[in-house]
$ cat upload08.cif   # mmCIF, C-alpha atoms; chains and numbers go by the auth columns
data_model
loop_
_atom_site.group_PDB
_atom_site.id
_atom_site.type_symbol
_atom_site.label_atom_id
_atom_site.label_comp_id
_atom_site.label_asym_id
_atom_site.label_seq_id
_atom_site.Cartn_x
_atom_site.Cartn_y
_atom_site.Cartn_z
_atom_site.B_iso_or_equiv
_atom_site.auth_seq_id
_atom_site.auth_asym_id
ATOM 1 C CA MET A 1 -6.878 -5.169 -2.815 0.00 27 O
ATOM 2 C CA LYS A 2 -9.131 -4.557 -5.780 0.00 28 O
ATOM 3 C CA HIS A 3 -7.384 -1.490 -7.165 0.00 29 O
ATOM 4 C CA ARG A 4 -4.040 -3.260 -7.278 0.00 30 O
ATOM 5 C CA LEU A 5 -5.551 -6.329 -8.859 0.00 31 O
ATOM 6 C CA ILE A 6 -6.958 -4.329 -11.727 0.00 32 O
ATOM 7 C CA ILE A 7 -4.497 -1.498 -12.138 0.00 33 O
ATOM 8 C CA PRO A 8 -6.309 0.756 -14.625 0.00 34 O
ATOM 9 C CA ILE A 9 -9.837 0.351 -13.352 0.00 35 O
ATOM 10 C CA ALA A 10 -10.439 0.833 -9.677 0.00 36 O
ATOM 11 C CA LEU A 11 -8.261 3.684 -8.477 0.00 37 O
ATOM 12 C CA ALA A 12 -10.107 6.894 -8.803 0.00 38 O
ATOM 13 C CA ALA A 13 -7.520 7.758 -6.154 0.00 39 O
ATOM 14 C CA ALA A 14 -7.080 4.734 -3.584 0.00 40 O
ATOM 15 C CA VAL A 15 -7.724 6.527 -0.383 0.00 41 O
ATOM 16 C CA ALA A 16 -9.513 9.961 -0.512 0.00 42 O
ATOM 17 C CA ALA A 17 -10.562 11.571 2.740 0.00 43 O
ATOM 18 C CA ALA A 18 -8.271 10.200 5.314 0.00 44 O
ATOM 19 C CA SER A 19 -10.298 8.338 7.842 0.00 45 O
ATOM 20 C CA THR A 20 -9.120 8.320 11.403 0.00 46 O
ATOM 21 C CA VAL A 21 -7.350 5.175 12.493 0.00 47 O
ATOM 22 C CA ALA A 22 -5.604 4.804 15.843 0.00 48 O
ATOM 23 C CA VAL A 23 -1.917 4.172 16.296 0.00 49 O
ATOM 24 C CA ALA A 24 -1.602 1.286 18.727 0.00 50 O
ATOM 25 C CA GLY A 25 2.163 1.580 18.880 0.00 51 O
ATOM 26 C CA THR A 26 4.943 3.550 17.338 0.00 52 O
ATOM 27 C CA ALA A 27 7.546 2.105 15.097 0.00 53 O
ATOM 28 C CA ALA A 28 10.904 0.915 15.325 0.00 54 O
ATOM 29 C CA SER A 29 13.132 0.003 18.201 0.00 55 O
ATOM 30 C CA GLY A 30 11.603 -3.103 19.652 0.00 56 O
ATOM 31 C CA THR A 31 9.420 -5.936 18.606 0.00 57 O
ATOM 32 C CA GLY A 32 5.738 -6.525 18.283 0.00 58 O
ATOM 33 C CA LYS A 33 4.700 -2.958 17.432 0.00 59 O
ATOM 34 C CA ILE A 34 1.450 -2.220 15.635 0.00 60 O
ATOM 35 C CA LEU A 35 1.085 0.821 13.419 0.00 61 O
ATOM 36 C CA ASP A 36 -2.371 1.693 12.070 0.00 62 O
ATOM 37 C CA LEU A 37 -2.611 4.439 9.461 0.00 63 O
ATOM 38 C CA ALA A 38 -5.269 5.868 7.171 0.00 64 O
ATOM 39 C CA GLY A 39 -4.315 6.401 3.553 0.00 65 O
ATOM 40 C CA THR A 40 -5.818 8.726 0.976 0.00 66 O
ATOM 41 C CA VAL A 41 -4.918 8.171 -2.666 0.00 67 O
ATOM 42 C CA THR A 42 -4.157 11.479 -4.325 0.00 68 O
ATOM 43 C CA GLU A 43 -3.125 10.176 -7.746 0.00 69 O
ATOM 44 C CA PHE A 44 -3.363 6.991 -9.766 0.00 70 O
ATOM 45 C CA HIS A 45 -1.997 6.692 -13.262 0.00 71 O
ATOM 46 C CA VAL A 46 -1.307 3.964 -15.798 0.00 72 O
ATOM 47 C CA ALA A 47 2.169 5.040 -16.857 0.00 73 O
ATOM 48 C CA PHE A 48 2.577 2.362 -19.539 0.00 74 O
ATOM 49 C CA ASP A 49 -0.263 0.583 -21.339 0.00 75 O
ATOM 50 C CA ALA A 50 1.237 -2.497 -22.997 0.00 76 O
ATOM 51 C CA LYS A 51 -0.416 -3.993 -26.072 0.00 77 O
ATOM 52 C CA PRO A 52 -3.171 -4.884 -26.371 0.00 78 O
ATOM 53 C CA ALA A 53 -4.711 -1.607 -25.234 0.00 79 O
ATOM 54 C CA GLY A 54 -6.559 -1.721 -21.925 0.00 80 O
ATOM 55 C CA GLN A 55 -5.753 -3.914 -18.963 0.00 81 O
ATOM 56 C CA SER A 56 -3.157 -6.505 -19.965 0.00 82 O
ATOM 57 C CA ALA A 57 0.102 -8.082 -18.835 0.00 83 O
ATOM 58 C CA GLY A 58 2.958 -5.585 -18.956 0.00 84 O
ATOM 59 C CA ASP A 59 0.926 -2.536 -17.918 0.00 85 O
ATOM 60 C CA ILE A 60 2.667 -0.432 -15.285 0.00 86 O
ATOM 61 C CA GLY A 61 0.779 1.893 -12.965 0.00 87 O
ATOM 62 C CA TYR A 62 1.575 4.002 -9.956 0.00 88 O
ATOM 63 C CA GLU A 63 -0.305 5.543 -7.073 0.00 89 O
ATOM 64 C CA THR A 64 0.574 8.197 -4.549 0.00 90 O
ATOM 65 C CA GLY A 65 -1.208 9.403 -1.458 0.00 91 O
ATOM 66 C CA THR A 66 -1.131 10.801 2.037 0.00 92 O
ATOM 67 C CA LEU A 67 -0.977 9.044 5.404 0.00 93 O
ATOM 68 C CA SER A 68 -2.717 10.182 8.565 0.00 94 O
ATOM 69 C CA THR A 69 -3.476 9.104 12.082 0.00 95 O
ATOM 70 C CA HIS A 70 -6.135 10.572 14.356 0.00 96 O
ATOM 71 C CA GLY A 71 -7.041 12.898 11.451 0.00 97 O
ATOM 72 C CA LYS A 72 -3.546 14.424 11.373 0.00 98 O
ATOM 73 C CA HIS A 73 -1.380 14.237 8.245 0.00 99 O
ATOM 74 C CA ILE A 74 1.868 12.432 9.108 0.00 100 O
ATOM 75 C CA GLY A 75 3.364 11.314 5.799 0.00 101 O
ATOM 76 C CA ARG A 76 2.788 9.966 2.347 0.00 102 O
ATOM 77 C CA PHE A 77 2.977 6.763 0.334 0.00 103 O
ATOM 78 C CA GLN A 78 3.823 5.813 -3.204 0.00 104 O
ATOM 79 C CA GLY A 79 3.743 2.563 -5.092 0.00 105 O
ATOM 80 C CA VAL A 80 4.314 0.947 -8.466 0.00 106 O
ATOM 81 C CA CYS A 81 2.465 -2.102 -9.786 0.00 107 O
ATOM 82 C CA THR A 82 3.161 -4.203 -12.859 0.00 108 O
ATOM 83 C CA GLN A 83 0.257 -6.143 -14.338 0.00 109 O
ATOM 84 C CA LEU A 84 1.081 -9.824 -14.946 0.00 110 O
ATOM 85 C CA PRO A 85 -0.744 -12.645 -16.789 0.00 111 O
ATOM 86 C CA GLN A 86 -3.933 -14.172 -15.337 0.00 112 O
ATOM 87 C CA GLY A 87 -5.108 -10.915 -13.779 0.00 113 O
ATOM 88 C CA SER A 88 -2.230 -10.752 -11.276 0.00 114 O
ATOM 89 C CA SER A 89 0.047 -7.873 -10.359 0.00 115 O
ATOM 90 C CA GLN A 90 3.297 -7.382 -8.455 0.00 116 O
ATOM 91 C CA CYS A 91 3.621 -4.200 -6.376 0.00 117 O
ATOM 92 C CA SER A 92 6.128 -2.290 -4.294 0.00 118 O
ATOM 93 C CA PHE A 93 5.082 0.500 -1.881 0.00 119 O
ATOM 94 C CA THR A 94 7.023 2.952 0.267 0.00 120 O
ATOM 95 C CA LEU A 95 5.450 4.640 3.279 0.00 121 O
ATOM 96 C CA GLY A 96 7.231 7.893 4.134 0.00 122 O
ATOM 97 C CA LEU A 97 6.852 8.790 7.822 0.00 123 O
ATOM 98 C CA PRO A 98 8.513 11.560 9.869 0.00 124 O
ATOM 99 C CA ASP A 99 11.084 9.189 11.371 0.00 125 O
ATOM 100 C CA GLY A 100 11.813 6.992 8.339 0.00 126 O
ATOM 101 C CA GLN A 101 10.417 4.882 5.535 0.00 127 O
ATOM 102 C CA ILE A 102 8.776 1.449 5.440 0.00 128 O
ATOM 103 C CA LEU A 103 9.002 -0.712 2.296 0.00 129 O
ATOM 104 C CA ILE A 104 6.168 -3.139 1.422 0.00 130 O
ATOM 105 C CA GLN A 105 6.098 -5.836 -1.309 0.00 131 O
ATOM 106 C CA ALA A 106 3.007 -7.743 -2.422 0.00 132 O
ATOM 107 C CA ALA A 107 1.347 -9.752 -5.166 0.00 133 O
ATOM 108 C CA TYR A 108 -2.345 -9.548 -6.019 0.00 134 O
ATOM 109 C CA GLY A 109 -4.578 -11.854 -8.034 0.00 135 O
ATOM 110 C CA PRO A 110 -5.499 -15.556 -8.106 0.00 136 O
ATOM 111 C CA GLY A 111 -3.393 -17.489 -5.592 0.00 137 O
ATOM 112 C CA PHE A 112 -2.253 -14.291 -3.884 0.00 138 O
ATOM 113 C CA ASN A 113 -4.315 -11.475 -2.341 0.00 139 O
ATOM 114 C CA THR A 114 -7.861 -11.504 -3.696 0.00 140 O
ATOM 115 C CA GLY A 115 -10.105 -10.579 -0.750 0.00 141 O
ATOM 116 C CA ALA A 116 -10.966 -7.476 1.222 0.00 142 O
ATOM 117 C CA VAL A 117 -7.827 -7.772 3.382 0.00 143 O
ATOM 118 C CA ALA A 118 -4.437 -7.947 1.665 0.00 144 O
ATOM 119 C CA GLN A 119 -1.485 -9.516 3.435 0.00 145 O
ATOM 120 C CA GLU A 120 1.691 -7.753 2.395 0.00 146 O
ATOM 121 C CA ALA A 121 5.329 -8.292 3.376 0.00 147 O
ATOM 122 C CA ILE A 122 7.177 -5.519 5.185 0.00 148 O
ATOM 123 C CA VAL A 123 10.670 -6.044 3.818 0.00 149 O
ATOM 124 C CA GLY A 124 12.634 -3.228 5.413 0.00 150 O
ATOM 125 C CA GLY A 125 12.905 0.391 6.284 0.00 151 O
ATOM 126 C CA THR A 126 15.107 3.382 6.936 0.00 152 O
ATOM 127 C CA GLY A 127 15.719 5.679 9.886 0.00 153 O
ATOM 128 C CA ALA A 128 13.745 4.542 12.939 0.00 154 O
ATOM 129 C CA TYR A 129 12.510 1.601 10.815 0.00 155 O
ATOM 130 C CA ALA A 130 15.951 0.280 9.796 0.00 156 O
ATOM 131 C CA GLY A 131 15.979 -3.510 10.048 0.00 157 O
ATOM 132 C CA ILE A 132 12.187 -3.696 10.413 0.00 158 O
ATOM 133 C CA ARG A 133 10.252 -6.721 9.152 0.00 159 O
ATOM 134 C CA GLY A 134 6.699 -7.891 9.480 0.00 160 O
ATOM 135 C CA GLN A 135 3.481 -7.884 7.572 0.00 161 O
ATOM 136 C CA GLY A 136 0.681 -5.565 6.674 0.00 162 O
ATOM 137 C CA ARG A 137 -2.961 -6.549 6.831 0.00 163 O
ATOM 138 C CA ASP A 138 -4.302 -3.740 4.753 0.00 164 O
ATOM 139 C CA ARG A 139 -7.876 -3.020 3.697 0.00 165 O
ATOM 140 C CA GLU A 140 -9.332 -1.043 0.843 0.00 166 O
ATOM 141 C CA LEU A 141 -12.220 0.809 2.473 0.00 167 O
ATOM 142 C CA SER A 142 -13.368 2.384 -0.805 0.00 168 O
ATOM 143 C CA ASN A 143 -11.812 3.396 -4.105 0.00 169 O
ATOM 144 C CA THR A 144 -10.291 6.348 -2.277 0.00 170 O
ATOM 145 C CA LYS A 145 -9.584 5.135 1.259 0.00 171 O
ATOM 146 C CA LEU A 146 -7.117 2.587 2.634 0.00 172 O
ATOM 147 C CA ALA A 147 -6.456 1.318 6.136 0.00 173 O
ATOM 148 C CA PHE A 148 -2.863 0.193 6.762 0.00 174 O
ATOM 149 C CA HIS A 149 -2.459 -2.206 9.716 0.00 175 O
ATOM 150 C CA LEU A 150 1.258 -2.880 10.056 0.00 176 O
ATOM 151 C CA GLU A 151 2.598 -5.569 12.386 0.00 177 O
ATOM 152 C CA LEU A 152 6.251 -4.628 12.862 0.00 178 O
ATOM 153 C CA SER A 153 9.102 -6.649 14.319 0.00 179 O
ATOM 154 C CA GLN A 154 12.821 -6.174 14.454 0.00 180 O
#
$ encode --input "upload08.cif" --output "structure tokens"
Amino acid sequence: MKHRLIIPIALAAAVAAASTVAVAGTAASGTGKILDLAGTVTEFHVAFDAKPAGQSAGDIGYETGTLSTHGKHIGRFQGVCTQLPQGSSQCSFTLGLPDGQILIQAAYGPGFNTGAVAQEAIVGGTGAYAGIRGQGRDRELSNTKLAFHLELSQ
């Protein structure tokens, strides 16, 4: 996703007027569930700007936002990204939902996610999502809107 590739530039808030996205399945106990969520970035900040000033390896940024489905607020997300050499970044995101959390890990940049759809690893969860695995195929709809498409398995 563009805003994660270039931490300081593209997030004027990575998901700002939650668009409606359907939930095709609910989480946890079982396999092959799909969870589609809309995200609205509410804050993006470069917390540490490593030398040289501006976008460079070592910069650390974070983003926070809300999650919704069918226009209804159901949770929030937060993530931290570290800028790496060659325009890459390594990120960790947590989605906080009413019945638990889902943890996502991903890399962005050349050789990783560079297109409109980012493939991200779902590496675990808590509560109803304990033991969950899978992948996200997430899209940046604009600088302020995200669509999370989570393919969950247990």
$ atom_distance --input "upload08.cif" --atom1 "atom CA of Gly122 of chain O" --atom2 "atom CA of Tyr134 of chain O"
22.3 Å
$ atom_distance --input "upload08.cif" --atom1 "atom CA of Asp125 of chain O" --atom2 "atom CA of Ser94 of chain O"
14.1 Å
$ resolve_selection --input "upload08.cif" --expression "the PyMOL selection byres ((chain O and resi 146) around 8)" --output "PyMOL selection string"
chain O and resi 130-133+144-145+147-148+161-164
$ atom_distance --input "upload08.cif" --atom1 "atom CA of Cys107 of chain O" --atom2 "atom CA of Ser179 of chain O"
25.4 Å
$ axis_aligned_box --input "upload08.cif" --around "segment 86-91 of chain O" --padding-each-side "4 Å" --output "lines of an AutoDock Vina configuration file"
center_x = 0.7
center_y = 4.5
center_z = -8.4
size_x = 11.9
size_y = 17.8
size_z = 21.8
$ closest_atom_pairs --input "upload08.cif" --of "segment 111-147 of chain O" --to "segment 69-81 of chain O" --cutoff "12 Å" --atoms "all atoms listed in the file" --output "tab-separated table"
residue	atom	partner	partner_atom	distance
O:Pro111	CA	O:Gln81	CA	10.3
O:Gln112	CA	O:Gln81	CA	11.0
O:Gly113	CA	O:Gln81	CA	8.7
O:Ser114	CA	O:Gln81	CA	10.9
O:Ser115	CA	O:Gln81	CA	11.1
$ write_last_selection --input "upload08.cif" --atoms "C-alpha atoms" --output "PDB file, in the frame of the given file"
ATOM      1  CA  PRO O 111      -0.744 -12.645 -16.789  1.00  0.00           C
ATOM      2  CA  GLN O 112      -3.933 -14.172 -15.337  1.00  0.00           C
ATOM      3  CA  GLY O 113      -5.108 -10.915 -13.779  1.00  0.00           C
ATOM      4  CA  SER O 114      -2.230 -10.752 -11.276  1.00  0.00           C
ATOM      5  CA  SER O 115       0.047  -7.873 -10.359  1.00  0.00           C
TER       6      SER O 115
END
$ closest_residue --input "upload08.cif" --among "O:Leu110, O:Leu178, O:Ala64, O:Leu129" --to "Gly91 of chain O" --atoms "only C-alpha atoms"
O:Ala64
$ closest_residue --input "upload08.cif" --among "O:Leu167, O:Val67, O:Leu61, O:Val149" --to "Tyr88 of chain O" --atoms "only C-alpha atoms"
O:Val67
$ resolve_selection --input "upload08.cif" --expression "the PyMOL selection byres ((chain O and resi 100) around 10)" --output "list in words"
Leu63, Ala64, Thr92, Leu93, Ser94, Thr95, His96, Gly97, Lys98, His99, Gly101, Arg102, Gly122, Leu123 and Pro124 of chain O
$ resolve_selection --input "upload08.cif" --expression "the PyMOL selection byres ((chain O and resi 158) around 7)" --output "list in words"
Ala54, Gly150, Gly151, Tyr155, Ala156, Gly157, Arg159, Gly160, Leu178, Ser179 and Gln180 of chain O
$ decode --input "upload08.cif" --residues "segment 97-120 of chain O" --atoms "N, CA and C atoms" --output "short mmCIF file (atom, residue, chain, number, x, y, z; two decimals), in the first residue's frame"
data_model
loop_
_atom_site.label_atom_id
_atom_site.label_comp_id
_atom_site.auth_asym_id
_atom_site.auth_seq_id
_atom_site.Cartn_x
_atom_site.Cartn_y
_atom_site.Cartn_z
N GLY O 97 -21.40 0.40 7.44
CA GLY O 97 -21.53 1.75 7.96
C GLY O 97 -21.54 1.87 9.47
N LYS O 98 -21.41 0.75 10.18
CA LYS O 98 -21.45 0.76 11.64
C LYS O 98 -20.04 0.57 12.21
N HIS O 99 -19.66 1.45 13.12
CA HIS O 99 -18.36 1.36 13.79
C HIS O 99 -18.31 0.09 14.62
N ILE O 100 -17.26 -0.74 14.40
CA ILE O 100 -17.15 -1.98 15.17
C ILE O 100 -15.81 -2.16 15.86
N GLY O 101 -14.86 -1.26 15.64
CA GLY O 101 -13.56 -1.43 16.27
C GLY O 101 -12.57 -0.39 15.79
N ARG O 102 -11.31 -0.70 16.04
CA ARG O 102 -10.26 0.22 15.62
C ARG O 102 -9.01 -0.56 15.22
N PHE O 103 -8.07 0.13 14.59
CA PHE O 103 -6.80 -0.49 14.25
C PHE O 103 -5.66 0.46 14.59
N GLN O 104 -4.50 -0.13 14.76
CA GLN O 104 -3.29 0.65 14.97
C GLN O 104 -2.12 -0.11 14.38
N GLY O 105 -1.12 0.63 13.93
CA GLY O 105 0.03 -0.01 13.33
C GLY O 105 1.27 0.83 13.45
N VAL O 106 2.42 0.16 13.37
CA VAL O 106 3.72 0.80 13.42
C VAL O 106 4.53 0.30 12.23
N CYS O 107 5.18 1.23 11.53
CA CYS O 107 6.03 0.87 10.40
C CYS O 107 7.42 1.47 10.59
N THR O 108 8.42 0.69 10.25
CA THR O 108 9.81 1.16 10.25
C THR O 108 10.28 1.21 8.81
N GLN O 109 10.80 2.37 8.41
CA GLN O 109 11.33 2.54 7.06
C GLN O 109 12.68 1.84 6.98
N LEU O 110 12.90 1.09 5.90
CA LEU O 110 14.13 0.35 5.68
C LEU O 110 14.82 0.86 4.42
N PRO O 111 16.05 0.42 4.13
CA PRO O 111 16.72 0.86 2.90
C PRO O 111 15.94 0.47 1.64
N GLN O 112 16.27 1.07 0.54
CA GLN O 112 15.66 0.85 -0.77
C GLN O 112 14.16 1.10 -0.80
N GLY O 113 13.68 2.05 -0.03
CA GLY O 113 12.27 2.41 -0.07
C GLY O 113 11.33 1.35 0.46
N SER O 114 11.81 0.46 1.30
CA SER O 114 10.98 -0.60 1.89
C SER O 114 10.59 -0.24 3.31
N SER O 115 9.56 -0.91 3.82
CA SER O 115 9.19 -0.76 5.22
C SER O 115 8.65 -2.08 5.75
N GLN O 116 8.76 -2.25 7.05
CA GLN O 116 8.26 -3.42 7.76
C GLN O 116 7.21 -2.93 8.75
N CYS O 117 6.01 -3.55 8.72
CA CYS O 117 4.90 -3.04 9.52
C CYS O 117 4.20 -4.14 10.31
N SER O 118 3.63 -3.73 11.42
CA SER O 118 2.83 -4.59 12.27
C SER O 118 1.54 -3.83 12.60
N PHE O 119 0.38 -4.51 12.41
CA PHE O 119 -0.92 -3.89 12.65
C PHE O 119 -1.76 -4.77 13.57
N THR O 120 -2.55 -4.15 14.43
CA THR O 120 -3.50 -4.85 15.26
C THR O 120 -4.89 -4.31 14.96
#
